[in-house]
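**Student:** Provided below: entry_39.pdb, containing PDB, C-alpha atoms.
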ATOM      1  CA  PRO A   1      70.544 173.566   3.732  1.00  0.00           C
ATOM      2  CA  VAL A   2      69.444 171.149   6.425  1.00  0.00           C
ATOM      3  CA  HIS A   3      65.870 169.838   6.335  1.00  0.00           C
ATOM      4  CA  VAL A   4      64.180 167.842   9.054  1.00  0.00           C
ATOM      5  CA  ALA A   5      61.509 165.298   8.167  1.00  0.00           C
ATOM      6  CA  VAL A   6      59.083 163.578  10.477  1.00  0.00           C
ATOM      7  CA  GLY A   7      58.177 159.926  10.111  1.00  0.00           C
ATOM      8  CA  ALA A   8      59.826 156.600   9.445  1.00  0.00           C
ATOM      9  CA  PRO A   9      63.348 157.305   8.156  1.00  0.00           C
ATOM     10  CA  ALA A  10      63.174 155.168   4.989  1.00  0.00           C
ATOM     11  CA  THR A  11      59.775 156.562   4.035  1.00  0.00           C
ATOM     12  CA  ALA A  12      60.965 160.141   4.593  1.00  0.00           C
ATOM     13  CA  ILE A  13      64.105 159.457   2.535  1.00  0.00           C
ATOM     14  CA  ALA A  14      62.043 158.005  -0.328  1.00  0.00           C
ATOM     15  CA  ARG A  15      59.541 160.879  -0.210  1.00  0.00           C
ATOM     16  CA  THR A  16      62.320 163.487  -0.275  1.00  0.00           C
ATOM     17  CA  ALA A  17      64.107 161.661  -3.116  1.00  0.00           C
ATOM     18  CA  ALA A  18      60.893 161.746  -5.144  1.00  0.00           C
ATOM     19  CA  GLU A  19      60.255 165.426  -4.350  1.00  0.00           C
ATOM     20  CA  ILE A  20      63.703 166.559  -5.502  1.00  0.00           C
ATOM     21  CA  GLY A  21      63.986 164.104  -8.407  1.00  0.00           C
ATOM     22  CA  ALA A  22      67.074 162.415  -6.944  1.00  0.00           C
ATOM     23  CA  ALA A  23      69.021 160.125  -9.258  1.00  0.00           C
ATOM     24  CA  LEU A  24      70.663 158.312  -6.329  1.00  0.00           C
ATOM     25  CA  VAL A  25      70.212 158.037  -2.564  1.00  0.00           C
ATOM     26  CA  VAL A  26      73.381 157.410  -0.529  1.00  0.00           C
ATOM     27  CA  THR A  27      73.092 155.963   2.977  1.00  0.00           C
ATOM     28  CA  GLY A  28      75.563 154.694   5.524  1.00  0.00           C
ATOM     29  CA  LEU A  29      75.751 151.028   6.467  1.00  0.00           C
ATOM     30  CA  ARG A  30      76.743 149.462   9.735  1.00  0.00           C
ATOM     31  CA  ARG A  31      77.162 145.878  10.845  1.00  0.00           C
ATOM     32  CA  HIS A  32      73.978 144.393  12.215  1.00  0.00           C
ATOM     33  CA  GLY A  33      73.966 141.621  14.766  1.00  0.00           C
ATOM     34  CA  VAL A  34      70.967 139.326  15.209  1.00  0.00           C
ATOM     35  CA  LEU A  35      69.603 141.483  18.040  1.00  0.00           C
ATOM     36  CA  ASP A  36      69.942 144.658  15.937  1.00  0.00           C
ATOM     37  CA  ARG A  37      68.019 143.029  13.092  1.00  0.00           C
ATOM     38  CA  VAL A  38      65.174 142.060  15.442  1.00  0.00           C
ATOM     39  CA  LEU A  39      64.940 145.335  17.387  1.00  0.00           C
ATOM     40  CA  HIS A  40      65.832 148.026  14.848  1.00  0.00           C
ATOM     41  CA  ASP A  41      64.544 149.041  11.461  1.00  0.00           C
ATOM     42  CA  GLU A  42      67.134 148.458   8.749  1.00  0.00           C
ATOM     43  CA  THR A  43      66.781 151.879   7.162  1.00  0.00           C
ATOM     44  CA  THR A  44      68.916 151.262   4.077  1.00  0.00           C
ATOM     45  CA  LEU A  45      67.196 147.983   3.229  1.00  0.00           C
ATOM     46  CA  HIS A  46      63.756 149.532   3.664  1.00  0.00           C
ATOM     47  CA  ALA A  47      64.790 152.602   1.632  1.00  0.00           C
ATOM     48  CA  MET A  48      65.848 150.273  -1.195  1.00  0.00           C
ATOM     49  CA  ARG A  49      62.341 148.837  -1.217  1.00  0.00           C
ATOM     50  CA  VAL A  50      60.503 152.167  -1.369  1.00  0.00           C
ATOM     51  CA  ALA A  51      62.834 154.698  -3.014  1.00  0.00           C
ATOM     52  CA  PRO A  52      62.054 155.868  -6.563  1.00  0.00           C
ATOM     53  CA  CYS A  53      65.736 155.655  -7.553  1.00  0.00           C
ATOM     54  CA  PRO A  54      68.801 153.508  -6.798  1.00  0.00           C
ATOM     55  CA  VAL A  55      70.030 153.445  -3.196  1.00  0.00           C
ATOM     56  CA  LEU A  56      73.746 153.137  -2.492  1.00  0.00           C
ATOM     57  CA  GLY A  57      74.575 151.833   0.972  1.00  0.00           C
ATOM     58  CA  VAL A  58      78.164 152.695   1.892  1.00  0.00           C
ATOM     59  CA  ALA A  59      80.158 150.856   4.554  1.00  0.00           C
ATOM     60  CA  PRO A  60      82.703 152.782   6.667  1.00  0.00           C
ATOM     61  CA  SER A  61      85.516 150.677   5.189  1.00  0.00           C
ATOM     62  CA  LEU A  62      84.960 152.005   1.661  1.00  0.00           C
ATOM     63  CA  GLY A  63      87.630 154.673   1.232  1.00  0.00           C
ATOM     64  CA  GLY A  64      86.968 155.612  -2.404  1.00  0.00           C
ATOM     65  CA  LEU A  65      84.984 154.571  -5.425  1.00  0.00           C
ATOM     66  CA  PRO A  66      84.215 150.856  -5.634  1.00  0.00           C
ATOM     67  CA  ARG A  67      86.923 148.882  -7.453  1.00  0.00           C
ATOM     68  CA  THR A  68      84.841 145.730  -7.958  1.00  0.00           C
ATOM     69  CA  ALA A  69      81.097 145.836  -8.577  1.00  0.00           C
ATOM     70  CA  LEU A  70      78.957 142.714  -8.824  1.00  0.00           C
ATOM     71  CA  VAL A  71      75.654 143.004 -10.673  1.00  0.00           C
ATOM     72  CA  GLY A  72      73.011 140.295 -10.406  1.00  0.00           C
ATOM     73  CA  MET A  73      71.674 139.892 -13.946  1.00  0.00           C
ATOM     74  CA  ASP A  74      68.478 138.496 -15.385  1.00  0.00           C
ATOM     75  CA  PHE A  75      68.867 140.812 -18.410  1.00  0.00           C
ATOM     76  CA  GLY A  76      65.558 142.588 -17.734  1.00  0.00           C
ATOM     77  CA  ALA A  77      65.247 146.376 -17.696  1.00  0.00           C
ATOM     78  CA  PRO A  78      65.715 146.708 -13.894  1.00  0.00           C
ATOM     79  CA  ALA A  79      68.911 144.614 -14.001  1.00  0.00           C
ATOM     80  CA  ARG A  80      70.241 146.660 -16.935  1.00  0.00           C
ATOM     81  CA  ARG A  81      69.581 149.860 -14.954  1.00  0.00           C
ATOM     82  CA  ALA A  82      71.411 148.342 -11.959  1.00  0.00           C
ATOM     83  CA  ALA A  83      74.403 147.541 -14.197  1.00  0.00           C
ATOM     84  CA  ARG A  84      74.420 151.114 -15.526  1.00  0.00           C
ATOM     85  CA  ALA A  85      74.233 152.548 -11.978  1.00  0.00           C
ATOM     86  CA  ALA A  86      77.082 150.281 -10.818  1.00  0.00           C
ATOM     87  CA  LEU A  87      79.203 151.282 -13.800  1.00  0.00           C
ATOM     88  CA  ASP A  88      78.514 154.971 -13.090  1.00  0.00           C
ATOM     89  CA  VAL A  89      80.051 154.768  -9.600  1.00  0.00           C
ATOM     90  CA  LEU A  90      82.847 152.293 -10.408  1.00  0.00           C
ATOM     91  CA  ALA A  91      86.497 153.386 -10.244  1.00  0.00           C
ATOM     92  CA  ASP A  92      88.022 154.203 -13.652  1.00  0.00           C
ATOM     93  CA  ASP A  93      90.160 151.049 -13.556  1.00  0.00           C
ATOM     94  CA  GLY A  94      87.589 148.883 -11.772  1.00  0.00           C
ATOM     95  CA  THR A  95      86.030 145.530 -12.560  1.00  0.00           C
ATOM     96  CA  LEU A  96      82.356 145.079 -13.371  1.00  0.00           C
ATOM     97  CA  VAL A  97      81.227 141.496 -12.675  1.00  0.00           C
ATOM     98  CA  LEU A  98      77.972 140.622 -14.444  1.00  0.00           C
ATOM     99  CA  ALA A  99      76.521 137.483 -12.843  1.00  0.00           C
ATOM    100  CA  TYR A 100      73.641 135.464 -14.225  1.00  0.00           C
ATOM    101  CA  VAL A 101      72.260 132.788 -11.911  1.00  0.00           C
ATOM    102  CA  GLU A 102      70.728 130.033 -14.030  1.00  0.00           C
ATOM    103  CA  PRO A 103      67.160 129.436 -12.847  1.00  0.00           C
ATOM    104  CA  PRO A 104      65.777 125.934 -12.486  1.00  0.00           C
ATOM    105  CA  PRO A 105      64.156 124.765 -15.741  1.00  0.00           C
ATOM    106  CA  ARG A 106      60.442 125.524 -16.069  1.00  0.00           C
ATOM    107  CA  PRO A 107      58.032 124.283 -18.710  1.00  0.00           C
ATOM    108  CA  ALA A 108      56.817 126.859 -21.246  1.00  0.00           C
ATOM    109  CA  ASP A 109      53.218 126.484 -20.029  1.00  0.00           C
ATOM    110  CA  ASP A 110      54.147 127.025 -16.341  1.00  0.00           C
ATOM    111  CA  PRO A 111      51.509 129.371 -14.820  1.00  0.00           C
ATOM    112  CA  GLY A 112      54.309 131.076 -12.818  1.00  0.00           C
ATOM    113  CA  ARG A 113      56.089 132.144 -16.028  1.00  0.00           C
ATOM    114  CA  ASP A 114      55.522 135.828 -16.756  1.00  0.00           C
ATOM    115  CA  PRO A 115      55.431 136.478 -20.522  1.00  0.00           C
ATOM    116  CA  ALA A 116      55.972 140.201 -19.858  1.00  0.00           C
ATOM    117  CA  ASP A 117      59.330 139.477 -18.155  1.00  0.00           C
ATOM    118  CA  ASP A 118      61.705 140.925 -20.723  1.00  0.00           C
ATOM    119  CA  GLY A 119      64.780 139.473 -18.969  1.00  0.00           C
ATOM    120  CA  GLU A 120      63.616 135.917 -19.329  1.00  0.00           C
ATOM    121  CA  GLY A 121      62.516 136.693 -22.892  1.00  0.00           C
ATOM    122  CA  VAL A 122      65.973 138.026 -23.784  1.00  0.00           C
ATOM    123  CA  VAL A 123      67.661 134.907 -22.425  1.00  0.00           C
ATOM    124  CA  TYR A 124      65.172 132.669 -24.243  1.00  0.00           C
ATOM    125  CA  ALA A 125      65.519 134.535 -27.547  1.00  0.00           C
ATOM    126  CA  LEU A 126      69.279 135.151 -27.567  1.00  0.00           C
ATOM    127  CA  GLY A 127      70.850 132.720 -25.134  1.00  0.00           C
ATOM    128  CA  VAL A 128      73.003 133.792 -22.199  1.00  0.00           C
ATOM    129  CA  PRO A 129      76.266 134.571 -24.111  1.00  0.00           C
ATOM    130  CA  ALA A 130      74.464 136.798 -26.634  1.00  0.00           C
ATOM    131  CA  ALA A 131      72.460 138.475 -23.843  1.00  0.00           C
ATOM    132  CA  PHE A 132      75.771 139.314 -22.128  1.00  0.00           C
ATOM    133  CA  ASP A 133      77.165 140.651 -25.441  1.00  0.00           C
ATOM    134  CA  ARG A 134      74.128 142.873 -25.980  1.00  0.00           C
ATOM    135  CA  LEU A 135      74.269 144.190 -22.413  1.00  0.00           C
ATOM    136  CA  VAL A 136      77.980 145.079 -22.588  1.00  0.00           C
ATOM    137  CA  THR A 137      77.441 146.832 -25.938  1.00  0.00           C
ATOM    138  CA  ASP A 138      74.492 148.815 -24.526  1.00  0.00           C
ATOM    139  CA  LEU A 139      76.461 149.817 -21.407  1.00  0.00           C
ATOM    140  CA  VAL A 140      79.309 151.410 -23.422  1.00  0.00           C
ATOM    141  CA  VAL A 141      81.962 150.359 -20.917  1.00  0.00           C
ATOM    142  CA  PRO A 142      84.869 152.839 -20.542  1.00  0.00           C
ATOM    143  CA  ALA A 143      88.293 151.692 -21.761  1.00  0.00           C
ATOM    144  CA  GLY A 144      89.858 151.218 -18.302  1.00  0.00           C
ATOM    145  CA  VAL A 145      87.053 149.057 -16.895  1.00  0.00           C
ATOM    146  CA  THR A 146      87.285 145.256 -17.026  1.00  0.00           C
ATOM    147  CA  VAL A 147      84.047 143.307 -17.510  1.00  0.00           C
ATOM    148  CA  ARG A 148      83.724 139.732 -16.270  1.00  0.00           C
ATOM    149  CA  ARG A 149      80.737 137.637 -17.257  1.00  0.00           C
ATOM    150  CA  VAL A 150      79.783 134.890 -14.819  1.00  0.00           C
ATOM    151  CA  ARG A 151      77.145 132.228 -15.362  1.00  0.00           C
ATOM    152  CA  LEU A 152      76.243 130.282 -12.216  1.00  0.00           C
ATOM    153  CA  ALA A 153      74.139 127.121 -12.113  1.00  0.00           C
ATOM    154  CA  ASP A 154      73.408 127.181  -8.356  1.00  0.00           C
ATOM    155  CA  GLY A 155      69.939 128.738  -8.738  1.00  0.00           C
ATOM    156  CA  ALA A 156      68.160 125.386  -8.652  1.00  0.00           C
ATOM    157  CA  SER A 157      69.430 124.481  -5.183  1.00  0.00           C
ATOM    158  CA  ARG A 158      69.894 127.872  -3.433  1.00  0.00           C
ATOM    159  CA  ARG A 159      68.317 131.309  -3.453  1.00  0.00           C
ATOM    160  CA  ASN A 160      69.847 133.771  -5.925  1.00  0.00           C
ATOM    161  CA  ALA A 161      70.724 136.161  -3.089  1.00  0.00           C
ATOM    162  CA  GLU A 162      72.845 133.464  -1.415  1.00  0.00           C
ATOM    163  CA  VAL A 163      74.619 132.601  -4.677  1.00  0.00           C
ATOM    164  CA  LEU A 164      75.364 136.282  -5.374  1.00  0.00           C
ATOM    165  CA  ARG A 165      76.509 136.913  -1.794  1.00  0.00           C
ATOM    166  CA  ASP A 166      78.982 134.027  -2.025  1.00  0.00           C
ATOM    167  CA  LEU A 167      80.315 135.357  -5.337  1.00  0.00           C
ATOM    168  CA  ALA A 168      80.584 138.876  -3.877  1.00  0.00           C
ATOM    169  CA  ASP A 169      82.587 137.494  -0.955  1.00  0.00           C
ATOM    170  CA  ALA A 170      84.848 135.438  -3.245  1.00  0.00           C
ATOM    171  CA  ASP A 171      85.489 138.438  -5.528  1.00  0.00           C
ATOM    172  CA  ARG A 172      85.799 140.834  -2.574  1.00  0.00           C
ATOM    173  CA  ALA A 173      83.224 143.066  -4.259  1.00  0.00           C
ATOM    174  CA  ASP A 174      82.928 146.612  -2.931  1.00  0.00           C
ATOM    175  CA  LEU A 175      79.469 147.005  -4.455  1.00  0.00           C
ATOM    176  CA  VAL A 176      76.560 144.669  -5.172  1.00  0.00           C
ATOM    177  CA  ALA A 177      73.808 145.922  -7.464  1.00  0.00           C
ATOM    178  CA  VAL A 178      70.526 144.235  -8.350  1.00  0.00           C
ATOM    179  CA  GLY A 179      67.422 145.510 -10.081  1.00  0.00           C
ATOM    180  CA  SER A 180      63.904 145.595  -8.724  1.00  0.00           C
ATOM    181  CA  ARG A 181      60.716 145.171 -10.695  1.00  0.00           C
ATOM    182  CA  ARG A 182      58.867 147.332  -8.173  1.00  0.00           C
TER     183      ARG A 182
END
Represent the structure contained in this file as structure tokens.
**Tutor:**
Amino acid sequence: PVHVAVGAPATAIARTAAEIGAALVVTGLRRHGVLDRVLHDETTLHAMRVAPCPVLGVAPSLGGLPRTALVGMDFGAPARRAARAALDVLADDGTLVLAYVEPPPRPADDPGRDPADDGEGVVYALGVPAAFDRLVTDLVVPAGVTVRRVRLADGASRRNAEVLRDLADADRADLVAVGSRR
């Protein structure tokens, strides 16, 4: 059935997703020029901010399931959920790239450090290689899927989003997944 909602598109999408208990919202993507970004609401981006579940934005060029998925990892619960969602839509013989961007060093008594951040706690307690091992074990990766673990040290000089975008471009990723603490 077709339903019509009134209001801002992203808000209506999020409200409907919550009402029906959606596990995933799928939206179309289009190229945005500078003028489009200034004059028009980016519905998919806004839906990602307000939806109660993962949002998959699909470009017209994607002709099947993603073959390469890049997941930005901090090893917290939202990032683990993003990795699981990416794995769930990945092609049977695809590649899952788990990328950890090394943050700049912070002192233990830094007031900006959040002790409730389980991702940072996992990295501190286990170290990055063991955190990757635990994540891959928890994901139960199917036999045909290749997992690449990438540790990047660019986080001190550039924003994580820029580092991940460059890696996604270099790997020709069909899908980029990141978690949200909201």
**Student:** Can you turn the PyMOL selection byres ((chain A and resi 74-76) around 10) into a concrete residue list for this file, as JSON, numbers by chain?
**Tutor:** {"A": [71, 72, 73, 77, 78, 79, 80, 81, 83, 98, 99, 100, 101, 102, 103, 117, 118, 119, 120, 121, 122, 123, 128, 131, 132, 134, 135, 178, 179, 180, 181]}
**Student:** List, as a compact mmCIF listing (two decimals) with C-alpha atoms, keeping the file's coordinate frame, every residue that the PyMOL selection byres ((chain A and resi 51) around 9) selects in the file provided.
**Tutor:**
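Below you can see selection17.txt, which holds the result:
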# COMPACT_ATOMS: atom_id res chain seq x y z
CA ALA A 10 63.17 155.17 4.99
CA THR A 11 59.78 156.56 4.04
CA ILE A 13 64.10 159.46 2.54
CA ALA A 14 62.04 158.00 -0.33
CA ARG A 15 59.54 160.88 -0.21
CA ALA A 17 64.11 161.66 -3.12
CA ALA A 18 60.89 161.75 -5.14
CA VAL A 25 70.21 158.04 -2.56
CA HIS A 46 63.76 149.53 3.66
CA ALA A 47 64.79 152.60 1.63
CA MET A 48 65.85 150.27 -1.20
CA ARG A 49 62.34 148.84 -1.22
CA VAL A 50 60.50 152.17 -1.37
CA PRO A 52 62.05 155.87 -6.56
CA CYS A 53 65.74 155.66 -7.55
CA PRO A 54 68.80 153.51 -6.80
CA VAL A 55 70.03 153.44 -3.20
**Student:** I need every residue sitting at most 8 Å from the point (79.2, 152.8, 0.1) (coordinates as in the file, all atoms listed in the file considered), written as a PyMOL selection string.
**Tutor:** chain A and resi 26-29+56-60+62+66+174-175
**Student:** Mind writing the picked residues with C-alpha atoms as a compact mmCIF listing (two decimals), in the coordinates of the input?
**Tutor:**
# COMPACT_ATOMS: atom_id res chain seq x y z
CA VAL A 26 73.38 157.41 -0.53
CA THR A 27 73.09 155.96 2.98
CA GLY A 28 75.56 154.69 5.52
CA LEU A 29 75.75 151.03 6.47
CA LEU A 56 73.75 153.14 -2.49
CA GLY A 57 74.58 151.83 0.97
CA VAL A 58 78.16 152.70 1.89
CA ALA A 59 80.16 150.86 4.55
CA PRO A 60 82.70 152.78 6.67
CA LEU A 62 84.96 152.00 1.66
CA PRO A 66 84.22 150.86 -5.63
CA ASP A 174 82.93 146.61 -2.93
CA LEU A 175 79.47 147.00 -4.46
**Student:** Determine the nearest neighbour of A:Leu96 from the options A:Pro1, A:Leu70, A:Val6, A:Ala22, counting only C-alpha atoms.
**Tutor:**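 Distance minimum relative to A:Leu96 lands on A:Leu70.
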**Student:** Using Å and a single decimal, report how far atom CA of A:Ala69 sits from atom CA of A:Asp88.
**Tutor:**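 Interatomic distance, atom CA of A:Asp88 to atom CA of A:Ala69: 10.5 Å.
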**Student:** Check what the PyMOL selection byres ((chain A and resi 90-92) around 9) selects in the file above and give those residues as a PDB file with C-alpha atoms, keeping the file's coordinate frame.
**Tutor:**
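The result, written out as expr-v8.pdb:
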ATOM      1  CA  GLY A  64      86.968 155.612  -2.404  1.00  0.00           C
ATOM      2  CA  LEU A  65      84.984 154.571  -5.425  1.00  0.00           C
ATOM      3  CA  PRO A  66      84.215 150.856  -5.634  1.00  0.00           C
ATOM      4  CA  ARG A  67      86.923 148.882  -7.453  1.00  0.00           C
ATOM      5  CA  THR A  68      84.841 145.730  -7.958  1.00  0.00           C
ATOM      6  CA  ALA A  69      81.097 145.836  -8.577  1.00  0.00           C
ATOM      7  CA  ALA A  85      74.233 152.548 -11.978  1.00  0.00           C
ATOM      8  CA  ALA A  86      77.082 150.281 -10.818  1.00  0.00           C
ATOM      9  CA  LEU A  87      79.203 151.282 -13.800  1.00  0.00           C
ATOM     10  CA  ASP A  88      78.514 154.971 -13.090  1.00  0.00           C
ATOM     11  CA  VAL A  89      80.051 154.768  -9.600  1.00  0.00           C
ATOM     12  CA  ASP A  93      90.160 151.049 -13.556  1.00  0.00           C
ATOM     13  CA  GLY A  94      87.589 148.883 -11.772  1.00  0.00           C
ATOM     14  CA  THR A  95      86.030 145.530 -12.560  1.00  0.00           C
ATOM     15  CA  LEU A  96      82.356 145.079 -13.371  1.00  0.00           C
ATOM     16  CA  PRO A 142      84.869 152.839 -20.542  1.00  0.00           C
ATOM     17  CA  ALA A 143      88.293 151.692 -21.761  1.00  0.00           C
ATOM     18  CA  GLY A 144      89.858 151.218 -18.302  1.00  0.00           C
ATOM     19  CA  VAL A 145      87.053 149.057 -16.895  1.00  0.00           C
ATOM     20  CA  LEU A 175      79.469 147.005  -4.455  1.00  0.00           C
TER      21      LEU A 175
END
**Student:** If I take atom CA of A:Arg149 and atom CA of A:Leu24, how far is one from the other in Å, to one decimal?
**Tutor:** 25.5 Å
**Student:** Please report the interatomic distance between atom CA of A:Ile20 and atom CA of A:Val2 in Å with one decimal.
**Tutor:**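 Separating atom CA of A:Ile20 from atom CA of A:Val2 is a distance of 14.0 Å.
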